[in-house]
Amino acid sequence: MYSPAAAAARSHHARREFVTAVAERQPTVRDVLAGRGELADDVVAVDTGSGAIIDLHSPAPEGAALSPIRLGSEAALAVIRHSAAHVMADAVQRLFPGTQVTIGPAIDNGFYYDFDRPDGAFTDRDLLKIEKEMKKIISSKKPFFREELTAEAVRALFEGMGEHYKCQIIDSILERGEAISVYRHGSPGRPEGTWADVCAGPHVPHTGFIGAVKLTHVAGAYWRGDEKNPMLSRIYGTAFPSQAELDEHLERLEQAKLRDHRKLGRELELFMFHDYAPAMPIFLPRGASIYRRLVDYIRELYVDYGYDEVITPQIFDPRLFATSGHLENYRENMYLPVTADDLDEALARARELMAQGAPPDEALTLPTLAQKPMNCPSHCLIFGQRKRSYRELPWRMADFGRLHRYERGGVVHGLARVRTFCQDDAHIFCTPEQMEQELSSFNSLLFEVYHAFRFEDVSVKLALRPEKRVGSDDMWDRAEAALEHVLKQSGVPFEVLPGEGAFYGPKLEFHVKDAIGRSWQLGTIQVDYALPERFDLQYVGPDGQSHRPVMLHRAILGSIERFFSVYIEHVAGKFPVWLAPKQAIVVSISEKQYDYALDVQRRLGARGLRVELDAGSDKLGAKIRNARNLRYPYIAVVGDDEMQAGTLSVRSRDDGELGAIPVEAFANKLLAESVAPRLGYENRTGS
RNA sequence: GCCAGCUUAGCUCAGUGGUAGAGCAGCGGUUUCGUAAACCGCAGGUCUGGGGUUCAAAUCCCCAAGCUGGCUCCA
């Protein structure tokens with residue numbers, strides 16, 4: 001149990017140790033900065049030059065560079081937010097006694113802290129109260145200070161406060177043999193006067209540096225991220241040096257909301273969902289138009305990059321997925337459909353067996369089929385159809401087949417996480433010697449595609465073997481080494497993600513940053529020695545012997561559905577002419593120009609352009625407004641003047657008024673913009 | 001699946017125990033207008049579904065579904 005009196009006693013004891021330490025102290029960072037005349041009001045902490053960031057009151061390490069971190073820098077923001085997390089935990093414990101603290105880091109756009117509250121989760125009203133309490137602590141400008149305590153002292157301190165999660169954290173720090181530091185800040189109203197947390201730091205000099213704070217939402221989170229552990233209550237918030245910066249941040253969130261693909265999908269009539277098909281999008285004509293163009297664009301590139309497209313079934317005998325390992329490793333994500341005949345038969349047999357006394361779970365054995373969650377197994381069937389020669393390799397087998405994966409209810413999200421989708425999927429069967437060339441050719445293709453969609457900021461991650469996997473350790477060693485080698489050779493910087501590979505092989509993930517700075521994983525390429533072995537795939541080499549091909553699983557857009565969601569948000573619904581479902585709308589001023597407007601629409605349509613007509617009785621202003629809301633790339637206004645001159649008064653969505661343009665000239669302009677952007681052929685390294 | 005919240009007309013949202021509302025969209029009419037919203041009228045709802053409490057439920061309680069934000073998982 002939490003005991004304020006005991007905690008206060010511990011705290012005072014610890015405080016005495018701290019004071020003693022201060023008395024014998026060496027010069028602090030603050031002393032050093034002051035000596036150099038660099039101690040400005042906006043200095044939050046210092047960078048030691050060796051990667052560590054430490055507080056002003058820390059003892060100054062000998063010979064360290066100590067460059068000040070000032071308000072306005074990214075590093076300062078993280079320090080402020082981490083300090084805000086402490087203040088929040090302090091406020092929570094003042095308001096909700098008996099609540100235990102766990103961890104509370106700074107994250108990308110703010111911070112969070114996970115609590116174990118006996119009375120259950122926090123409500124939105126609680127958040128307001130907590131925020132108010134935090135503001136009190138902040139305005140009192142209480143200093144943060146650091147103590148290095150002995151392990152026993154720290155353990156006793158938190159044990160005494162009834163902080164069982166903290167004790168677990170302390171124990172794991174001790175196991176790693178690291179030093180333990182405790183951070184405190186003054187907390188008016190708390191009996192012991194200060195609030196303490198096991199923390200590596202650093203923190204702001206005093207709570208006043210947390211200029212503006214807002215608690216945003218509550219969420220559940222498993223202790224240590226493991227779903228077998230108890231669920232904690234997480235409170236998310238964000239903090240900034242000033243209210244103005246917080247307001248700006250909130251404004252950015254509003255902007256992001258405006259480009260939310262679920263909202264735009266509804267408004268632009270791109271796709272819909274229905275309760276009868278949860279998490280399975282239904283594409284409306286406009287959305288289907290874009291979807292098809294995305295796929296067609298990739299198909300065009302496949303011609304130049306030497307891919308062959310195949311078409312494969314949706315449903316297979318489960319033996320296919322037993323062979324591939326999916327039934328063992330991917331079962332929880334698979335739909336296992338059953339025919340009505342099989343079901344009736346199985347039920348009849350089960351009734352009979354149960355009448356003879358069999359328990360229900362033994363009586364019912366249901367023959368099922370398997371809906372494919374991936375294309376790779378069927379591609380292995382294709383490869384194995386007949387004897388293959390080395391002359392056929394590399395064989396790049398593309399498939400836009402629809403996949404179904406059962407996703408748990410809580411994870412689905414608009415188009416970004418759905419239960420049916422298709423990928424720009426392909427499997428490259430090649431010799432081990434060809435693998436590097438294939439990886440690098442894929443790299444060129446991928447960058448060409450991202451360039452076309454104006455994703456200019458791409459980062460690469462190397463995901464290594466997961467716990468649940470097929471294939472020998474030797475295979476994994478080779479596959480991981482191959483990917484790493486290609487990355488190092490190409491000089492592309494990359495991050496390593498241990499344990500995050502697919503069950504059949506390690507993978508490269510390609511992440512892009514969108515127009516408002518958010519990062520998304522799109523493409524991937526995965527090296528796989530396991531499936532060729534499981535399917536016993538072979539080719540005859542120049543030596544007349546059988547050899548095992550390597551299989552590369554790869555996608556550039558990833559799932560078309562997810563890509564669509566990212567792209568909608570990237571361009572805020574303003575699709576370029578080559579993708580837009582309707583490239584222009586002809587708008588008449590009055591019904592006098594109806595015939596001319598209709599003729600213009602037909603002439604443009606005859607040139608292969610996708611053109612809408614608004615000849616309704618709205619006023620021009622209303623028509624323009626509607627057309628702009630639907631994000632037509634061009635609005636072509638026709639009135640008496642244009643009708644006389646045979647022109648259109650064109651307004652570009654992206655470039656504003658273009659003035660009067662002859663119909664044919666406008667058609668040519670649109671046609672020129674209707675072509676998907678391509679790199680020159682010489683830039684491609686594919687065969 | 002877990003934690004929390006939400007679900008009222010096609011869309012955005014009012015309505016907190018006592019006769020279901022608004023704006024936009026739709027439909028009809030009038031207007032034919034020069035670059036972001038003309039005017040008048042009409043229609044539109046088993047208040048997500050089911051159960052319960054109550055004289056009375058959109059409103060309170062329970063169950064389910066879907067969705068939203070997280071966690072875990074992931075293209």
# chains A, B, ... in the order shown; residues from 1 in each chain; ligands from 1
>>> select_by_dssp(residues="segment 428-553 of chain A", states="helix (DSSP H, G or I)", output="number ranges by chain")
A: 432-452, 473-490, 530-534
>>> write_last_selection(atoms="N, CA and C atoms", output="CSV table (one decimal), in the first residue's frame")
chain,number,residue,atom,x,y,z
A,432,PRO,N,21.1,-17.8,-57.1
A,432,PRO,CA,21.7,-17.0,-56.1
A,432,PRO,C,22.6,-15.9,-56.6
A,433,GLU,N,23.3,-16.2,-57.8
A,433,GLU,CA,24.2,-15.2,-58.4
A,433,GLU,C,23.4,-14.0,-58.9
A,434,GLN,N,22.2,-14.2,-59.3
A,434,GLN,CA,21.4,-13.1,-59.9
A,434,GLN,C,20.7,-12.2,-58.8
A,435,MET,N,20.8,-12.7,-57.6
A,435,MET,CA,20.0,-12.0,-56.5
A,435,MET,C,20.4,-10.5,-56.4
A,436,GLU,N,21.7,-10.3,-56.3
A,436,GLU,CA,22.0,-8.9,-56.1
A,436,GLU,C,21.6,-7.9,-57.2
A,437,GLN,N,21.8,-8.4,-58.4
A,437,GLN,CA,21.3,-7.6,-59.6
A,437,GLN,C,19.8,-7.4,-59.5
A,438,GLU,N,19.1,-8.4,-59.1
A,438,GLU,CA,17.6,-8.2,-58.9
A,438,GLU,C,17.2,-7.3,-57.9
A,439,LEU,N,18.0,-7.3,-56.7
A,439,LEU,CA,17.7,-6.4,-55.7
A,439,LEU,C,17.9,-5.0,-56.1
A,440,SER,N,19.0,-4.8,-56.9
A,440,SER,CA,19.3,-3.4,-57.2
A,440,SER,C,18.4,-2.9,-58.4
A,441,SER,N,18.0,-3.8,-59.3
A,441,SER,CA,17.0,-3.4,-60.3
A,441,SER,C,15.7,-3.1,-59.6
A,442,PHE,N,15.3,-3.8,-58.6
A,442,PHE,CA,14.1,-3.5,-57.9
A,442,PHE,C,14.2,-2.1,-57.3
A,443,ASN,N,15.3,-1.9,-56.7
A,443,ASN,CA,15.6,-0.6,-56.1
A,443,ASN,C,15.3,0.6,-57.1
A,444,SER,N,15.8,0.4,-58.4
A,444,SER,CA,15.6,1.5,-59.4
A,444,SER,C,14.1,1.6,-59.7
A,445,LEU,N,13.4,0.5,-59.9
A,445,LEU,CA,12.0,0.5,-60.2
A,445,LEU,C,11.2,1.2,-59.1
A,446,LEU,N,11.6,0.9,-57.8
A,446,LEU,CA,10.9,1.4,-56.7
A,446,LEU,C,11.1,2.9,-56.6
A,447,PHE,N,12.3,3.4,-56.8
A,447,PHE,CA,12.5,4.8,-56.7
A,447,PHE,C,11.8,5.6,-57.9
A,448,GLU,N,11.8,4.9,-59.0
A,448,GLU,CA,11.0,5.5,-60.2
A,448,GLU,C,9.6,5.7,-59.8
A,449,VAL,N,9.0,4.7,-59.2
A,449,VAL,CA,7.6,4.8,-58.8
A,449,VAL,C,7.3,5.9,-57.7
A,450,TYR,N,8.2,5.9,-56.7
A,450,TYR,CA,8.0,6.9,-55.7
A,450,TYR,C,8.2,8.3,-56.2
A,451,HIS,N,9.1,8.4,-57.1
A,451,HIS,CA,9.3,9.7,-57.7
A,451,HIS,C,8.1,10.2,-58.5
A,452,ALA,N,7.4,9.2,-59.2
A,452,ALA,CA,6.2,9.6,-60.0
A,452,ALA,C,5.1,10.1,-59.1
A,473,ASP,N,18.7,-21.9,-39.7
A,473,ASP,CA,19.5,-20.7,-39.3
A,473,ASP,C,20.5,-20.3,-40.4
A,474,ASP,N,21.0,-21.4,-41.1
A,474,ASP,CA,22.0,-21.2,-42.1
A,474,ASP,C,21.4,-20.3,-43.3
A,475,MET,N,20.1,-20.7,-43.6
A,475,MET,CA,19.4,-20.0,-44.7
A,475,MET,C,19.2,-18.5,-44.3
A,476,TRP,N,18.8,-18.3,-43.0
A,476,TRP,CA,18.6,-17.0,-42.5
A,476,TRP,C,19.9,-16.2,-42.6
A,477,ASP,N,21.0,-16.8,-42.2
A,477,ASP,CA,22.3,-16.1,-42.2
A,477,ASP,C,22.6,-15.6,-43.6
A,478,ARG,N,22.4,-16.5,-44.6
A,478,ARG,CA,22.7,-16.1,-46.0
A,478,ARG,C,21.8,-15.0,-46.5
A,479,ALA,N,20.5,-15.2,-46.2
A,479,ALA,CA,19.5,-14.2,-46.7
A,479,ALA,C,19.8,-12.8,-46.1
A,480,GLU,N,20.0,-12.8,-44.8
A,480,GLU,CA,20.2,-11.5,-44.1
A,480,GLU,C,21.5,-10.9,-44.6
A,481,ALA,N,22.5,-11.7,-44.8
A,481,ALA,CA,23.8,-11.2,-45.3
A,481,ALA,C,23.7,-10.6,-46.7
A,482,ALA,N,22.9,-11.2,-47.5
A,482,ALA,CA,22.7,-10.8,-48.9
A,482,ALA,C,22.1,-9.4,-48.9
A,483,LEU,N,21.0,-9.2,-48.2
A,483,LEU,CA,20.3,-7.9,-48.1
A,483,LEU,C,21.3,-6.8,-47.6
A,484,GLU,N,22.0,-7.2,-46.6
A,484,GLU,CA,22.8,-6.2,-45.9
A,484,GLU,C,24.0,-5.8,-46.9
A,485,HIS,N,24.4,-6.8,-47.6
A,485,HIS,CA,25.5,-6.5,-48.6
A,485,HIS,C,25.1,-5.6,-49.7
A,486,VAL,N,23.9,-5.8,-50.2
A,486,VAL,CA,23.4,-4.9,-51.3
A,486,VAL,C,23.2,-3.5,-50.8
A,487,LEU,N,22.6,-3.4,-49.6
A,487,LEU,CA,22.4,-2.1,-49.0
A,487,LEU,C,23.7,-1.4,-48.8
A,488,LYS,N,24.7,-2.1,-48.3
A,488,LYS,CA,26.0,-1.4,-48.0
A,488,LYS,C,26.7,-1.0,-49.3
A,489,GLN,N,26.5,-1.9,-50.4
A,489,GLN,CA,27.1,-1.5,-51.7
A,489,GLN,C,26.4,-0.3,-52.3
A,490,SER,N,25.1,-0.3,-52.2
A,490,SER,CA,24.4,0.8,-52.8
A,490,SER,C,24.6,2.1,-52.0
A,530,ALA,N,13.3,-20.4,-48.2
A,530,ALA,CA,12.5,-21.5,-47.5
A,530,ALA,C,11.4,-22.0,-48.4
A,531,LEU,N,10.6,-21.1,-49.1
A,531,LEU,CA,9.5,-21.6,-49.9
A,531,LEU,C,10.0,-22.5,-51.1
A,532,PRO,N,11.1,-22.0,-51.8
A,532,PRO,CA,11.5,-22.9,-52.9
A,532,PRO,C,11.9,-24.3,-52.3
A,533,GLU,N,12.4,-24.4,-51.1
A,533,GLU,CA,12.7,-25.7,-50.6
A,533,GLU,C,11.4,-26.5,-50.2
A,534,ARG,N,10.5,-25.8,-49.6
A,534,ARG,CA,9.2,-26.5,-49.2
A,534,ARG,C,8.5,-27.0,-50.4
>>> residues_around(residues="segment 16-25 of chain B", least_positions_apart="2", cutoff="12 Å", atoms="only C-alpha atoms (C1' of nucleotides)", output="PyMOL selection string")
(chain A and resi 267+626) or (chain B and resi 8-14+27+37+44-45+47+53-60)
>>> interface_residues(of="chain A", to="chain B", cutoff="7 Å", atoms="only C-alpha atoms (C1' of nucleotides)", output="PyMOL selection string")
chain A and resi 218-222+226-227+231+275+408+558-559+589-591+617+619-622+624-625
>>> closest_residue(among="B:C63, B:G49, B:U30, B:C39", to="U7 of chain B", atoms="only C-alpha atoms (C1' of nucleotides)")
B:G49
>>> select_by_dssp(residues="segment 492-554 of chain A", states="strand (DSSP E)", output="PyMOL selection string")
chain A and resi 494-497+507-513+519-528+539-540+546-547+550-554
>>> write_last_selection(atoms="C-alpha atoms", output="PDB file, in the first residue's frame")
ATOM      1  CA  PHE A 494      19.374   1.943 -43.403  1.00  0.00           C
ATOM      2  CA  GLU A 495      18.086   1.045 -39.991  1.00  0.00           C
ATOM      3  CA  VAL A 496      18.099  -2.539 -38.645  1.00  0.00           C
ATOM      4  CA  LEU A 497      14.920  -3.966 -37.088  1.00  0.00           C
ATOM      5  CA  LYS A 507      12.980  -8.081 -45.594  1.00  0.00           C
ATOM      6  CA  LEU A 508      13.792  -4.566 -46.617  1.00  0.00           C
ATOM      7  CA  GLU A 509      11.075  -2.071 -45.850  1.00  0.00           C
ATOM      8  CA  PHE A 510      10.797   1.169 -47.763  1.00  0.00           C
ATOM      9  CA  HIS A 511       9.215   4.039 -45.863  1.00  0.00           C
ATOM     10  CA  VAL A 512       8.182   7.348 -47.409  1.00  0.00           C
ATOM     11  CA  LYS A 513       7.421  10.706 -45.842  1.00  0.00           C
ATOM     12  CA  SER A 519       6.176   8.331 -42.441  1.00  0.00           C
ATOM     13  CA  TRP A 520       4.511   5.287 -44.041  1.00  0.00           C
ATOM     14  CA  GLN A 521       5.783   1.884 -45.043  1.00  0.00           C
ATOM     15  CA  LEU A 522       4.978   1.149 -48.662  1.00  0.00           C
ATOM     16  CA  GLY A 523       7.380  -1.146 -50.474  1.00  0.00           C
ATOM     17  CA  THR A 524       9.181  -4.233 -49.349  1.00  0.00           C
ATOM     18  CA  ILE A 525      11.462  -6.893 -50.730  1.00  0.00           C
ATOM     19  CA  GLN A 526      12.059 -10.163 -48.966  1.00  0.00           C
ATOM     20  CA  VAL A 527      14.658 -12.842 -49.590  1.00  0.00           C
ATOM     21  CA  ASP A 528      13.264 -16.349 -49.296  1.00  0.00           C
ATOM     22  CA  TYR A 539      15.919 -25.474 -62.258  1.00  0.00           C
ATOM     23  CA  VAL A 540      18.456 -27.136 -64.483  1.00  0.00           C
ATOM     24  CA  SER A 546      19.307 -29.433 -60.593  1.00  0.00           C
ATOM     25  CA  HIS A 547      19.594 -26.304 -58.483  1.00  0.00           C
ATOM     26  CA  VAL A 550      16.014 -18.137 -54.650  1.00  0.00           C
ATOM     27  CA  MET A 551      12.677 -16.404 -54.352  1.00  0.00           C
ATOM     28  CA  LEU A 552      12.322 -12.652 -53.826  1.00  0.00           C
ATOM     29  CA  HIS A 553       8.946 -11.405 -52.622  1.00  0.00           C
ATOM     30  CA  ARG A 554       8.468  -7.766 -53.498  1.00  0.00           C
TER      31      ARG A 554
END
>>> closest_residue(among="A:Gly659, A:Gly225, A:Gly384, A:Pro68", to="Gln538 of chain A", atoms="only C-alpha atoms")
A:Gly384
>>> atom_distance(atom1="atom CA of Glu251 of chain A", atom2="atom CA of Ile103 of chain A")
28.5 Å
>>> closest_residue(among="A:Leu253, A:Ala416, A:Ala153, A:Ala348", to="Ala279 of chain A", atoms="only C-alpha atoms")
A:Ala416
>>> residues_around(residues="Glu269 of chain A", least_positions_apart="3", cutoff="9 Å", atoms="only C-alpha atoms (C1' of nucleotides)", output="MDAnalysis selection string")
chainID A and resid 264:266 272 283:287
>>> atom_distance(atom1="atom CA of Arg631 of chain A", atom2="atom CA of Tyr567 of chain A")
14.6 Å
>>> residues_around(residues="segment 311-314 of chain A", least_positions_apart="4", cutoff="9 Å", atoms="only C-alpha atoms (C1' of nucleotides)", output="VMD selection string")
chain A and resid 370 to 373 375 378 to 379 398 to 404
